[in-house]
>>> print(open('coords_20.txt').read())   # compact mmCIF, C-alpha atoms
# COMPACT_ATOMS: atom_id res chain seq x y z
CA MET A 8 -95.81 -31.57 52.29
CA SER A 9 -92.21 -30.57 52.84
CA ILE A 10 -89.42 -29.29 50.66
CA VAL A 11 -87.52 -32.46 51.56
CA GLY A 12 -90.12 -34.57 49.77
CA ALA A 13 -90.06 -32.28 46.73
CA VAL A 14 -86.26 -32.38 46.62
CA LEU A 15 -86.12 -36.18 46.87
CA LEU A 16 -88.75 -36.68 44.20
CA GLY A 17 -87.27 -33.98 41.94
CA PHE A 18 -83.81 -35.55 42.22
CA LEU A 19 -85.18 -39.01 41.37
CA ILE A 20 -87.00 -37.63 38.32
CA ASP A 21 -83.81 -35.90 37.18
CA CYS A 22 -81.78 -39.10 37.58
CA VAL A 23 -84.29 -41.00 35.44
CA LEU A 24 -85.38 -38.43 32.85
CA GLY A 25 -82.81 -35.64 32.92
CA ASP A 26 -83.75 -32.29 31.43
CA PRO A 27 -86.85 -32.49 29.22
CA GLN A 28 -85.58 -31.93 25.68
CA ARG A 29 -88.82 -30.64 24.16
CA LEU A 30 -89.98 -28.40 26.99
CA TRP A 31 -88.94 -24.82 27.69
CA HIS A 32 -86.48 -24.67 30.58
CA PRO A 33 -86.44 -21.87 33.20
CA ILE A 34 -82.65 -21.60 32.93
CA CYS A 35 -83.15 -20.54 29.31
CA GLY A 36 -85.37 -17.77 30.65
CA ILE A 37 -82.61 -16.69 33.03
CA GLY A 38 -80.14 -16.65 30.14
CA ALA A 39 -82.51 -14.56 28.03
CA MET A 40 -82.96 -12.13 30.91
CA ILE A 41 -79.18 -11.76 31.24
CA SER A 42 -78.84 -11.06 27.51
CA PHE A 43 -81.71 -8.54 27.60
CA TRP A 44 -80.28 -6.49 30.47
CA GLN A 45 -76.66 -6.84 29.37
CA LYS A 46 -77.36 -5.15 26.04
CA ARG A 47 -79.29 -2.28 27.60
CA LEU A 48 -77.02 -1.65 30.58
CA ARG A 49 -73.87 -1.59 28.48
CA ALA A 50 -75.45 0.94 26.16
CA ARG A 51 -76.53 3.22 29.00
CA PHE A 52 -73.36 3.18 31.12
CA PRO A 53 -70.05 4.77 30.03
CA ASP A 54 -67.68 2.46 28.16
CA THR A 55 -65.02 2.82 30.85
CA PRO A 56 -63.79 0.34 33.47
CA ARG A 57 -65.75 2.14 36.20
CA GLY A 58 -68.89 2.53 34.08
CA GLN A 59 -68.90 -1.11 32.96
CA PHE A 60 -68.26 -2.33 36.50
CA TRP A 61 -71.30 -0.51 37.85
CA ALA A 62 -73.38 -1.71 34.91
CA GLY A 63 -72.42 -5.25 35.94
CA VAL A 64 -73.30 -4.54 39.57
CA LEU A 65 -76.79 -3.43 38.52
CA LEU A 66 -77.20 -6.45 36.24
CA TRP A 67 -76.95 -8.83 39.20
CA PRO A 68 -80.14 -7.87 41.11
CA LEU A 69 -82.04 -7.31 37.87
CA VAL A 70 -81.56 -11.03 37.16
CA VAL A 71 -81.35 -12.67 40.58
CA VAL A 72 -84.36 -10.97 42.19
CA PRO A 73 -86.84 -12.00 39.43
CA ALA A 74 -85.32 -15.50 39.41
CA TRP A 75 -86.33 -15.73 43.09
CA PHE A 76 -89.62 -13.83 42.94
CA ILE A 77 -91.26 -15.52 39.94
CA PRO A 78 -91.15 -19.09 41.37
CA PHE A 79 -92.09 -17.69 44.79
CA ALA A 80 -95.20 -16.07 43.31
CA LEU A 81 -96.12 -19.19 41.34
CA LEU A 82 -95.71 -21.44 44.38
CA THR A 83 -97.78 -19.06 46.51
CA ALA A 84 -100.56 -19.08 43.92
CA ALA A 85 -100.43 -22.87 43.70
CA GLY A 86 -100.66 -23.07 47.49
CA TRP A 87 -103.87 -21.01 47.41
CA LEU A 88 -105.37 -23.67 45.16
CA HIS A 89 -104.25 -26.66 47.24
CA PRO A 90 -101.15 -27.75 49.20
CA ALA A 91 -100.81 -30.70 46.82
CA ALA A 92 -100.64 -28.31 43.86
CA ARG A 93 -97.81 -26.39 45.52
CA PHE A 94 -95.95 -29.63 46.28
CA ALA A 95 -96.32 -30.85 42.70
CA LEU A 96 -95.08 -27.55 41.28
CA GLU A 97 -92.14 -27.41 43.68
CA THR A 98 -91.22 -30.96 42.72
CA VAL A 99 -91.14 -29.93 39.05
CA PHE A 100 -89.01 -26.90 39.94
CA CYS A 101 -86.55 -29.11 41.86
CA TRP A 102 -86.35 -31.44 38.87
CA GLN A 103 -85.53 -28.48 36.62
CA ILE A 104 -82.87 -27.15 39.01
CA PHE A 105 -80.92 -30.41 39.27
CA ALA A 106 -78.57 -31.28 36.39
CA ALA A 107 -77.03 -34.65 37.32
CA LYS A 108 -78.44 -36.69 34.43
CA SER A 109 -77.79 -34.01 31.78
CA LEU A 110 -74.20 -33.58 32.96
CA LYS A 111 -73.62 -37.32 32.88
CA THR A 112 -75.20 -37.65 29.42
CA ALA A 113 -73.17 -34.76 27.98
CA ALA A 114 -69.94 -36.31 29.23
CA LEU A 115 -70.86 -39.71 27.80
CA ARG A 116 -71.29 -38.15 24.34
CA VAL A 117 -67.63 -37.13 24.55
CA TYR A 118 -66.69 -40.61 25.76
CA ASP A 119 -68.55 -42.36 22.94
CA ALA A 120 -66.86 -40.16 20.33
CA LEU A 121 -63.42 -40.81 21.82
CA VAL A 122 -64.00 -44.58 21.90
CA ALA A 123 -65.10 -44.41 18.25
CA ARG A 124 -61.87 -42.47 17.49
CA ASP A 125 -63.96 -39.53 16.30
CA LEU A 126 -61.76 -36.71 17.59
CA PRO A 127 -63.59 -33.90 15.70
CA GLY A 128 -66.87 -35.13 17.15
CA ALA A 129 -65.36 -35.39 20.64
CA ARG A 130 -64.08 -31.80 20.34
CA THR A 131 -67.53 -30.63 19.31
CA PHE A 132 -69.29 -32.43 22.16
CA VAL A 133 -66.83 -31.20 24.78
CA SER A 134 -67.20 -27.63 23.48
CA TRP A 135 -70.84 -27.80 24.59
CA ILE A 136 -69.87 -28.25 28.25
CA VAL A 137 -66.60 -26.31 28.70
CA GLY A 138 -65.63 -22.67 28.28
CA ARG A 139 -62.14 -23.21 26.88
CA ASP A 140 -61.13 -23.34 23.20
CA THR A 141 -61.51 -26.92 21.95
CA ALA A 142 -60.74 -26.84 18.20
CA ALA A 143 -57.11 -27.94 18.60
CA LEU A 144 -57.39 -30.23 21.63
CA SER A 145 -55.81 -33.69 21.50
CA ALA A 146 -57.76 -36.77 22.56
CA GLU A 147 -56.03 -36.66 25.93
CA GLN A 148 -56.90 -32.97 26.38
CA VAL A 149 -60.52 -33.58 25.39
CA THR A 150 -60.73 -36.37 27.97
CA LYS A 151 -59.21 -34.16 30.63
CA ALA A 152 -61.64 -31.33 29.82
CA ALA A 153 -64.63 -33.66 30.13
CA VAL A 154 -63.43 -35.09 33.44
CA GLU A 155 -62.76 -31.62 34.84
CA THR A 156 -66.16 -30.24 33.89
CA VAL A 157 -68.02 -33.19 35.41
CA ALA A 158 -66.03 -32.79 38.63
CA GLU A 159 -66.55 -29.02 38.82
CA ASN A 160 -70.21 -29.07 37.80
CA ALA A 161 -71.05 -31.78 40.30
CA SER A 162 -71.00 -28.88 42.74
CA ASP A 163 -72.60 -26.22 40.51
CA GLY A 164 -75.23 -28.53 39.02
CA VAL A 165 -76.18 -30.82 41.89
CA ILE A 166 -74.75 -30.29 45.36
CA ALA A 167 -74.83 -26.48 45.57
CA PRO A 168 -78.42 -26.28 44.21
CA LEU A 169 -79.38 -28.95 46.75
CA CYS A 170 -78.02 -26.79 49.58
CA PHE A 171 -80.01 -23.75 48.49
CA LEU A 172 -83.17 -25.77 47.82
CA LEU A 173 -83.11 -27.11 51.36
CA LEU A 174 -82.42 -23.64 52.77
CA GLY A 175 -85.10 -21.72 50.90
CA GLY A 176 -87.06 -24.00 48.62
CA ALA A 177 -87.30 -23.67 44.84
CA PRO A 178 -87.20 -19.82 44.85
CA LEU A 179 -83.77 -19.80 46.48
CA GLY A 180 -82.72 -22.68 44.23
CA PHE A 181 -83.55 -20.63 41.14
CA ALA A 182 -81.84 -17.58 42.62
CA TYR A 183 -78.69 -19.70 42.96
CA LYS A 184 -79.02 -20.88 39.36
CA ALA A 185 -79.27 -17.23 38.29
CA VAL A 186 -76.06 -16.44 40.18
CA ASN A 187 -74.35 -19.40 38.52
CA THR A 188 -75.67 -18.56 35.05
CA LEU A 189 -74.52 -14.95 35.39
CA ASP A 190 -71.01 -16.18 36.11
CA SER A 191 -71.05 -18.61 33.17
CA MET A 192 -72.26 -15.91 30.75
CA VAL A 193 -70.42 -12.76 31.85
CA GLY A 194 -67.88 -13.80 34.48
CA TYR A 195 -64.89 -14.01 32.15
CA LYS A 196 -61.53 -12.30 32.61
CA ASN A 197 -61.24 -11.20 28.99
CA ASP A 198 -61.40 -7.78 27.37
CA GLU A 199 -65.16 -7.93 26.88
CA PHE A 200 -66.18 -8.94 30.42
CA LEU A 201 -63.25 -8.06 32.68
CA TYR A 202 -65.12 -5.19 34.36
CA PHE A 203 -68.74 -5.84 33.39
CA GLY A 204 -68.66 -9.43 34.72
CA ARG A 205 -66.46 -8.89 37.77
CA PHE A 206 -69.29 -8.50 40.30
CA SER A 207 -71.13 -11.57 38.97
CA ALA A 208 -67.95 -13.64 39.18
CA LYS A 209 -67.27 -12.55 42.76
CA MET A 210 -70.84 -13.24 43.86
CA ASP A 211 -70.62 -16.71 42.34
CA ASP A 212 -67.49 -17.28 44.44
CA VAL A 213 -69.39 -16.20 47.56
CA PHE A 214 -72.45 -18.37 46.90
CA ASN A 215 -70.33 -21.44 46.10
CA PHE A 216 -67.74 -21.08 48.87
CA ILE A 217 -69.32 -23.57 51.30
CA PRO A 218 -71.03 -25.88 48.74
CA ALA A 219 -67.77 -26.33 46.80
CA ARG A 220 -65.90 -27.46 49.92
CA LEU A 221 -68.75 -29.75 50.90
CA SER A 222 -68.68 -31.19 47.38
CA GLY A 223 -64.95 -31.86 47.62
CA LEU A 224 -65.42 -33.74 50.89
CA LEU A 225 -68.30 -35.72 49.39
CA PHE A 226 -66.04 -36.69 46.49
CA VAL A 227 -63.54 -38.02 49.01
CA LEU A 228 -66.25 -39.99 50.84
CA SER A 229 -67.63 -41.33 47.54
CA ALA A 230 -64.31 -42.46 46.08
CA LYS A 231 -64.29 -45.92 47.67
CA PRO A 232 -67.95 -46.78 46.85
CA ALA A 233 -67.23 -45.61 43.29
CA GLY A 234 -64.32 -48.07 43.07
CA LEU A 235 -61.62 -45.39 43.17
CA SER A 236 -58.90 -44.34 45.59
CA ALA A 237 -60.26 -42.68 48.73
CA ARG A 238 -56.72 -42.20 50.06
CA GLY A 239 -55.62 -40.48 46.86
CA ALA A 240 -58.75 -38.31 46.84
CA TRP A 241 -58.12 -37.14 50.41
CA ARG A 242 -54.41 -36.50 49.80
CA CYS A 243 -54.96 -34.40 46.69
CA PHE A 244 -57.99 -32.63 48.14
CA ARG A 245 -55.95 -31.47 51.12
CA ARG A 246 -52.90 -30.54 49.06
CA ASP A 247 -54.31 -29.12 45.82
CA ARG A 248 -57.81 -27.77 46.51
CA LEU A 249 -56.60 -24.15 46.68
CA ARG A 250 -54.28 -24.36 43.65
CA HIS A 251 -56.59 -22.42 41.37
CA ALA A 252 -57.34 -18.76 40.65
CA SER A 253 -60.94 -19.46 41.68
CA PRO A 254 -61.35 -20.28 45.38
CA ASN A 255 -63.90 -22.98 44.52
CA SER A 256 -63.11 -24.71 41.21
CA ALA A 257 -60.30 -26.93 42.45
CA GLN A 258 -62.19 -28.35 45.43
CA THR A 259 -63.86 -31.20 43.53
CA GLU A 260 -61.28 -31.33 40.72
CA ALA A 261 -58.45 -31.99 43.18
CA ALA A 262 -60.39 -34.77 44.91
CA CYS A 263 -61.33 -36.25 41.53
CA ALA A 264 -57.73 -36.20 40.31
CA GLY A 265 -56.58 -38.00 43.43
CA ALA A 266 -59.39 -40.55 43.23
CA LEU A 267 -58.51 -41.36 39.62
CA GLY A 268 -54.73 -41.22 40.07
CA VAL A 269 -54.30 -38.76 37.17
CA GLN A 270 -53.22 -35.17 36.72
CA LEU A 271 -55.85 -32.58 35.84
CA ALA A 272 -55.95 -28.84 35.05
CA GLY A 273 -52.83 -27.10 33.71
CA ASP A 274 -52.67 -24.46 30.99
CA ALA A 275 -55.67 -23.89 28.71
CA TYR A 276 -56.76 -21.51 25.95
CA TYR A 277 -59.77 -19.22 26.33
CA PHE A 278 -60.84 -16.90 23.49
CA GLY A 279 -57.54 -17.54 21.74
CA LYS A 280 -55.41 -16.59 24.75
CA ARG A 281 -53.32 -19.01 26.80
CA TYR A 282 -53.94 -18.99 30.55
CA LYS A 283 -51.39 -20.60 32.83
CA LYS A 284 -52.92 -22.81 35.51
CA PRO A 285 -51.30 -25.13 38.06
CA THR A 286 -51.87 -28.86 37.78
CA LEU A 287 -53.95 -30.87 40.23
CA GLY A 288 -53.20 -34.42 41.33
CA ASP A 289 -50.28 -36.71 40.57
CA ASP A 290 -49.31 -37.97 37.12
CA GLN A 291 -49.45 -41.65 38.09
CA ARG A 292 -50.76 -42.76 34.69
CA PRO A 293 -52.03 -41.21 31.45
CA ILE A 294 -55.65 -40.15 31.48
CA GLU A 295 -57.93 -42.31 29.30
CA PRO A 296 -61.52 -42.10 28.01
CA GLU A 297 -62.68 -44.60 30.64
CA ASP A 298 -61.90 -41.92 33.24
CA ILE A 299 -64.96 -40.03 32.01
CA VAL A 300 -67.14 -43.00 32.99
CA ARG A 301 -65.33 -43.27 36.33
CA THR A 302 -65.85 -39.57 37.03
CA ASN A 303 -69.54 -39.87 36.19
CA ARG A 304 -69.78 -42.70 38.70
CA LEU A 305 -67.96 -40.64 41.33
CA MET A 306 -70.24 -37.67 40.67
CA MET A 307 -73.41 -39.75 41.01
CA TRP A 308 -72.23 -41.34 44.26
CA ALA A 309 -71.44 -37.88 45.66
CA ALA A 310 -74.84 -36.57 44.50
CA VAL A 311 -76.76 -39.43 46.11
CA LEU A 312 -74.73 -39.12 49.32
CA ALA A 313 -75.39 -35.36 49.39
CA VAL A 314 -79.14 -35.80 48.89
CA VAL A 315 -79.41 -38.47 51.60
CA LEU A 316 -77.28 -36.65 54.19
CA LEU A 317 -78.58 -33.12 53.64
CA CYS A 318 -82.24 -34.15 53.40
CA ALA A 319 -81.85 -36.16 56.61
CA LEU A 320 -80.19 -33.17 58.28
CA ARG A 321 -82.99 -30.81 57.17
CA ALA A 322 -85.66 -33.28 58.35
CA ALA A 323 -83.92 -33.69 61.72
CA ILE A 324 -83.64 -29.92 62.25
CA VAL A 325 -87.33 -29.38 61.41
CA THR A 326 -88.37 -32.26 63.68
CA PHE A 327 -86.35 -31.29 66.75
CA PHE A 328 -86.36 -27.50 66.48
>>> encode(input="coords_20.txt", output="structure tokens")
Amino acid sequence: MSIVGAVLLGFLIDCVLGDPQRLWHPICGIGAMISFWQKRLRARFPDTPRGQFWAGVLLWPLVVVPAWFIPFALLTAAGWLHPAARFALETVFCWQIFAAKSLKTAALRVYDALVARDLPGARTFVSWIVGRDTAALSAEQVTKAAVETVAENASDGVIAPLCFLLLGGAPLGFAYKAVNTLDSMVGYKNDEFLYFGRFSAKMDDVFNFIPARLSGLLFVLSAKPAGLSARGAWRCFRRDRLRHASPNSAQTEAACAGALGVQLAGDAYYFGKRYKKPTLGDDQRPIEPEDIVRTNRLMMWAAVLAVVLLCALRAAIVTFF
């Protein structure tokens, strides 16, 4: 039983059920591992830029290697019992790695609060899915933040994990999630993490370089089926996809902005400090809460298209080579 079957079934389960709310999630284990090693490494290395940088370098394999090895060992043990047991376990792992339904649901909480004119609630819900300061955001800024995080995390939460799952099964999928979680927890350019998180941030850029560009192209291809502007998505993707300090973040955001016909990004506050960022897309109309629903639709079309195309490609390669 192939990884393609496990990926397809895991993706379908995620689309229907999302993350199980009452079950322990492996990503929580990765987060706990990061916190465990972060505390100990920072205490043992000198509190200097050089010392904290090398502490962060050591943190990376201490988290990523176990994230790969543990599922590898569990799958190997399951395979000794029966191939069907390995397939079932890998399907569960694939389900846990995908995040399409949870991302969509989190964004819809923001949408529902905005429609109900509950701005404090909308700020709270959006703070759960973005890294920026949200306490003083306007309704328009909350909407923009939700749209941007759905667009960006379509790559991090669905399409990039899919690429690594098809390359190396669930162990490589979890290794990617460890890389991504490291960046989300320590990869900040603030006083606390500037040196300690630098290596994790750079490695996240490396791992996402190709998947982010693939995701941007899939957004362009999905714009018309999603009822949005394919021409606008292509224009803004080509023009704006590198207008970001990160080499990857603007790939899907630019395509999304063009598909919607709105302007995204711009300056934002992180940890009380204002960061200047270029805008993406054209200000053809004001952004509105309904754009969150439209972005969810675009993300799901891109996810389905990615699963179909990449699984077919993997199956073809295995068949003919």
>>> closest_atom_pairs(input="coords_20.txt", of="range 139-196 of chain A", to="range 102-120 of chain A", cutoff="7 Å", atoms="all atoms listed in the file", output="tab-separated table")
residue	atom	partner	partner_atom	distance
A:Ala153	CA	A:Ala114	CA	6.0
A:Val157	CA	A:Leu110	CA	6.7
A:Gly164	CA	A:Ala106	CA	5.1
A:Val165	CA	A:Phe105	CA	5.4
A:Pro168	CA	A:Ile104	CA	6.9
A:Gly180	CA	A:Ile104	CA	6.9
A:Phe181	CA	A:Ile104	CA	6.9
>>> residues_around(input="coords_20.txt", residues="Ile41 in chain A", least_positions_apart="6", cutoff="12 Å", atoms="all atoms listed in the file", output="ChimeraX atom specification")
/A:34-35,47-49,63,65-71,73-74,185-194,204,207
>>> atom_distance(input="coords_20.txt", atom1="CA of Gln45 in chain A", atom2="CA of Ala62 in chain A")
8.2 Å
>>> residues_around(input="coords_20.txt", residues="Ile10 in chain A", least_positions_apart="5", cutoff="12 Å", atoms="all atoms listed in the file", output="mmCIF file with C-alpha atoms, in the frame of the given file")
data_model
loop_
_atom_site.group_PDB
_atom_site.id
_atom_site.type_symbol
_atom_site.label_atom_id
_atom_site.label_comp_id
_atom_site.auth_asym_id
_atom_site.auth_seq_id
_atom_site.Cartn_x
_atom_site.Cartn_y
_atom_site.Cartn_z
ATOM 1 C CA LEU A 15 -86.120 -36.180 46.870
ATOM 2 C CA LEU A 16 -88.750 -36.680 44.200
ATOM 3 C CA GLY A 17 -87.270 -33.980 41.940
ATOM 4 C CA PHE A 18 -83.810 -35.550 42.220
ATOM 5 C CA LEU A 82 -95.710 -21.440 44.380
ATOM 6 C CA PRO A 90 -101.150 -27.750 49.200
ATOM 7 C CA ARG A 93 -97.810 -26.390 45.520
ATOM 8 C CA PHE A 94 -95.950 -29.630 46.280
ATOM 9 C CA ALA A 95 -96.320 -30.850 42.700
ATOM 10 C CA LEU A 96 -95.080 -27.550 41.280
ATOM 11 C CA GLU A 97 -92.140 -27.410 43.680
ATOM 12 C CA THR A 98 -91.220 -30.960 42.720
ATOM 13 C CA VAL A 99 -91.140 -29.930 39.050
ATOM 14 C CA PHE A 100 -89.010 -26.900 39.940
ATOM 15 C CA CYS A 101 -86.550 -29.110 41.860
ATOM 16 C CA LEU A 169 -79.380 -28.950 46.750
ATOM 17 C CA CYS A 170 -78.020 -26.790 49.580
ATOM 18 C CA PHE A 171 -80.010 -23.750 48.490
ATOM 19 C CA LEU A 172 -83.170 -25.770 47.820
ATOM 20 C CA LEU A 173 -83.110 -27.110 51.360
ATOM 21 C CA LEU A 174 -82.420 -23.640 52.770
ATOM 22 C CA GLY A 175 -85.100 -21.720 50.900
ATOM 23 C CA GLY A 176 -87.060 -24.000 48.620
ATOM 24 C CA ALA A 177 -87.300 -23.670 44.840
ATOM 25 C CA PRO A 178 -87.200 -19.820 44.850
ATOM 26 C CA LEU A 179 -83.770 -19.800 46.480
ATOM 27 C CA GLY A 180 -82.720 -22.680 44.230
ATOM 28 C CA LEU A 317 -78.580 -33.120 53.640
ATOM 29 C CA CYS A 318 -82.240 -34.150 53.400
ATOM 30 C CA ALA A 319 -81.850 -36.160 56.610
ATOM 31 C CA ARG A 321 -82.990 -30.810 57.170
ATOM 32 C CA ALA A 322 -85.660 -33.280 58.350
ATOM 33 C CA VAL A 325 -87.330 -29.380 61.410
#
>>> closest_residue(input="coords_20.txt", among="A:Val72, A:Ala161, A:Ala85, A:Leu126", to="Leu221 in chain A", atoms="all atoms listed in the file")
A:Ala161
>>> atom_distance(input="coords_20.txt", atom1="CA of Val11 in chain A", atom2="CA of Phe226 in chain A")
22.5 Å
>>> axis_aligned_box(input="coords_20.txt", around="range 105-111 of chain A", padding_each_side="3 Å", output="lines of an AutoDock Vina configuration file")
center_x = -77.3
center_y = -33.9
center_z = 35.5
size_x = 13.3
size_y = 12.9
size_z = 13.5
>>> closest_atom_pairs(input="coords_20.txt", of="range 193-247 of chain A", to="range 264-273 of chain A", cutoff="8 Å", atoms="only C-alpha atoms", output="JSON lines")
{"residue": "A:Val227", "atom": "CA", "partner": "A:Ala266", "partner_atom": "CA", "distance": 7.6}
{"residue": "A:Ala230", "atom": "CA", "partner": "A:Ala266", "partner_atom": "CA", "distance": 6.0}
{"residue": "A:Leu235", "atom": "CA", "partner": "A:Ala266", "partner_atom": "CA", "distance": 5.3}
{"residue": "A:Ser236", "atom": "CA", "partner": "A:Ala266", "partner_atom": "CA", "distance": 4.5}
{"residue": "A:Ala237", "atom": "CA", "partner": "A:Ala266", "partner_atom": "CA", "distance": 6.0}
{"residue": "A:Arg238", "atom": "CA", "partner": "A:Ala266", "partner_atom": "CA", "distance": 7.5}
{"residue": "A:Gly239", "atom": "CA", "partner": "A:Gly265", "partner_atom": "CA", "distance": 4.3}
{"residue": "A:Ala240", "atom": "CA", "partner": "A:Gly265", "partner_atom": "CA", "distance": 4.1}
{"residue": "A:Trp241", "atom": "CA", "partner": "A:Gly265", "partner_atom": "CA", "distance": 7.2}
{"residue": "A:Arg242", "atom": "CA", "partner": "A:Gly265", "partner_atom": "CA", "distance": 6.9}
{"residue": "A:Cys243", "atom": "CA", "partner": "A:Gly265", "partner_atom": "CA", "distance": 5.1}
{"residue": "A:Phe244", "atom": "CA", "partner": "A:Gly265", "partner_atom": "CA", "distance": 7.3}
>>> residues_around(input="coords_20.txt", residues="Val154 in chain A", least_positions_apart="6", cutoff="8 Å", atoms="all atoms listed in the file", output="list in words")
Ala114, Asp298, Ile299 and Thr302 of chain A
>>> atom_distance(input="coords_20.txt", atom1="CA of Ala80 in chain A", atom2="CA of Trp44 in chain A")
21.9 Å
